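What follows is one structure encoded as structure tokens, with my remarks underneath.
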Amino acid sequence: MKGMDEERGAPVGRRIVLGMLGLGAAGVAVGSSLQRGVTRAFSPVNGIGDVLPAVGGFRFYSVVGTVRTPRDLRVQVDGLVGRPRGYSPAELAAMPQTRVRRDFQCVTGWRVPHVEWSGVALPDLLDAADVSPRARAVRFHSFDGTYTESLTLDQARRRDVLVATAMQGKPVSHDHGGPVRLFVAPMYGYKSLKWLGRIELTETVHPGYWENLGYDVDAWVGRSNGRDDAPT
Ligand SMILES: Nc1nc2c(c(=O)[nH]1)N[C@H]1C(S)=C(S)[C@@H](COP(=O)(O)O)O[C@H]1N2
Ligand SMILES: [Mo]
């Protein structure tokens with residue numbers, strides 16, 4: 001399987017501090033050991049999250065490298081809905097905003113504590129779209145043309161799943177997936193799709209980019225995921 005540490009990405013910010021404290025090496029070691037086996041992908045990270053102090057910095061990830069987003073960008077909500085429509089970033093920012101502060105955690109071992117996101121709670125957009133009773137899942141598409149993600153409809157109706165237009169009180173930067181990205185607070189970072197372009201209601205879950213490469217579809221942080229090989 002292809003590992004996340006093959007992604008292009010530049011360490012930023014406090015990752016340098018992490019290295020100075022000698023914790024960077026631990027994080028990297030865990031990250032690379034995760035790449036060896038799909039079966040071990042989650043449980044070691046859950047443990048590390050508990051013992052590592054809350055320090056760390058973002059990496060900028062993009063599986064395709066440079067991404068261009070259209071100037072007149074709209075996030076389309078369609079598929080199994082009665083009222084498909086597109087939203088400009090400005091329209092999203094003008095809707096009732098939900099704010100979520102949570103640690104941001106990549107499955108490879110890095111974590112950024114207390115990141116604040118705001119945007120439209122996904123259930124609000126789903127309600128506005130009049131979701132068909134046939135829809136059981138949501139598929140997210142990125143303007144990068146390659147990355148996709150998925151949630152069950154139940155997961156997508158959580159109010160800590162955001163169509164985010166702001167991060168740390170500022171518009172989401174391009175490198176962090178702006179102008180609009182998904183933020184799935186309770187799950188590992190790979191669920192939080194960047195450069196969000198389309199929210200498609202589907203009958204079944206379509207595993208996303210990393211999930212097709214072996215990562216769990218249910219990416220809850222700090223849960224066993226019901227895996228047979230997970231520690232109790
Ligand atoms: N379109 C797209 N979204 C993506 C990714 C990606 O490569 N492309 N990487 C995912 C992973 S593995 C993580 S940990 C986070 C990283 O977010 P950041 O680049 O803002 O730090 O984005 C997620 N969303
Ligand atoms: Mo990640």
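Quick note on naming: the chains in the structure tokens go A, B, ... in the order shown, residues restart at 1 in each chain, and ligands are numbered from 1 in order of appearance.
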ask   = Quick one: residues within 6 Å of ligand 1, with only C-alpha atoms and all ligand atoms, as a ChimeraX atom specification?
value = /A:58-63,106,142,144,147,176,189-190,192-195
Grab the residues selected above and save them as a PDB file, in the first residue's frame with C-alpha atoms.
ATOM      1  CA  PHE A  58       0.455  20.942  10.429  1.00  0.00           C
ATOM      2  CA  ARG A  59       1.786  19.349   7.331  1.00  0.00           C
ATOM      3  CA  PHE A  60       0.274  20.456   4.076  1.00  0.00           C
ATOM      4  CA  TYR A  61      -0.968  17.409   2.230  1.00  0.00           C
ATOM      5  CA  SER A  62      -1.993  17.020  -1.362  1.00  0.00           C
ATOM      6  CA  VAL A  63      -1.890  13.690  -3.141  1.00  0.00           C
ATOM      7  CA  CYS A 106      -3.332  12.649  11.075  1.00  0.00           C
ATOM      8  CA  SER A 142     -12.195  17.617  -4.368  1.00  0.00           C
ATOM      9  CA  ASP A 144      -7.989  18.335  -7.234  1.00  0.00           C
ATOM     10  CA  TYR A 147      -9.253  12.861  -3.801  1.00  0.00           C
ATOM     11  CA  HIS A 176      -5.160  24.047   3.926  1.00  0.00           C
ATOM     12  CA  GLY A 189      -7.476  14.063   9.165  1.00  0.00           C
ATOM     13  CA  TYR A 190      -7.850  12.132   5.944  1.00  0.00           C
ATOM     14  CA  SER A 192     -11.297  16.227   6.113  1.00  0.00           C
ATOM     15  CA  LEU A 193     -11.193  16.623   2.343  1.00  0.00           C
ATOM     16  CA  LYS A 194      -9.511  19.746   0.989  1.00  0.00           C
ATOM     17  CA  TRP A 195     -10.614  21.930  -1.952  1.00  0.00           C
TER      18      TRP A 195
END
remark   = If you count only C-alpha atoms and all ligand atoms, the residue of A:Gly145, A:Gly197, A:Gly82, A:Gly3 closest to ligand 2 turns out to be A:Gly3
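With only C-alpha atoms as the atoms that count, the minimum distance from Asp130 of chain A to the choices A:Gly79, A:Pro113, A:Gly177, A:Pro89 is reached by A:Gly79.
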task = Extract the full set of alpha helix (DSSP H) residues from segment 125-155 of chain A according to DSSP on the backbone, and format it as a PyMOL selection string.
result = chain A and resi 125-129+153-155
How would the residues just chosen look if you wrote them out with N, CA, C and O atoms as a PDB file, in the first residue's frame?
ATOM      1  N   LEU A 125     -26.744  21.918   5.417  1.00  0.00           N
ATOM      2  CA  LEU A 125     -26.738  21.861   3.945  1.00  0.00           C
ATOM      3  C   LEU A 125     -27.563  20.672   3.450  1.00  0.00           C
ATOM      4  O   LEU A 125     -28.247  20.757   2.429  1.00  0.00           O
ATOM      5  N   LEU A 126     -27.500  19.569   4.195  1.00  0.00           N
ATOM      6  CA  LEU A 126     -28.278  18.393   3.793  1.00  0.00           C
ATOM      7  C   LEU A 126     -29.771  18.692   3.900  1.00  0.00           C
ATOM      8  O   LEU A 126     -30.548  18.364   2.999  1.00  0.00           O
ATOM      9  N   ASP A 127     -30.166  19.357   4.991  1.00  0.00           N
ATOM     10  CA  ASP A 127     -31.582  19.701   5.144  1.00  0.00           C
ATOM     11  C   ASP A 127     -32.043  20.605   4.005  1.00  0.00           C
ATOM     12  O   ASP A 127     -33.132  20.419   3.454  1.00  0.00           O
ATOM     13  N   ALA A 128     -31.221  21.570   3.665  1.00  0.00           N
ATOM     14  CA  ALA A 128     -31.593  22.498   2.589  1.00  0.00           C
ATOM     15  C   ALA A 128     -31.722  21.780   1.253  1.00  0.00           C
ATOM     16  O   ALA A 128     -32.443  22.231   0.369  1.00  0.00           O
ATOM     17  N   ALA A 129     -31.035  20.638   1.115  1.00  0.00           N
ATOM     18  CA  ALA A 129     -31.026  19.927  -0.167  1.00  0.00           C
ATOM     19  C   ALA A 129     -32.174  18.937  -0.303  1.00  0.00           C
ATOM     20  O   ALA A 129     -32.388  18.390  -1.378  1.00  0.00           O
ATOM     21  N   LEU A 153     -24.660   8.530   6.023  1.00  0.00           N
ATOM     22  CA  LEU A 153     -25.557   9.673   6.221  1.00  0.00           C
ATOM     23  C   LEU A 153     -25.643  10.024   7.709  1.00  0.00           C
ATOM     24  O   LEU A 153     -25.671  11.204   8.070  1.00  0.00           O
ATOM     25  N   ASP A 154     -25.649   9.013   8.570  1.00  0.00           N
ATOM     26  CA  ASP A 154     -25.691   9.281  10.010  1.00  0.00           C
ATOM     27  C   ASP A 154     -24.469  10.089  10.458  1.00  0.00           C
ATOM     28  O   ASP A 154     -24.584  11.037  11.231  1.00  0.00           O
ATOM     29  N   GLN A 155     -23.302   9.688   9.987  1.00  0.00           N
ATOM     30  CA  GLN A 155     -22.086  10.440  10.340  1.00  0.00           C
ATOM     31  C   GLN A 155     -22.166  11.869   9.796  1.00  0.00           C
ATOM     32  O   GLN A 155     -21.780  12.831  10.475  1.00  0.00           O
TER      33      GLN A 155
END
key: Selected residue of minimal separation from ligand 2 among A:Met187, A:Val205, A:Leu182, A:Ala90, counting only C-alpha atoms and all ligand atoms   =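 Of all the options, A:Met187 lies closest to ligand 2.
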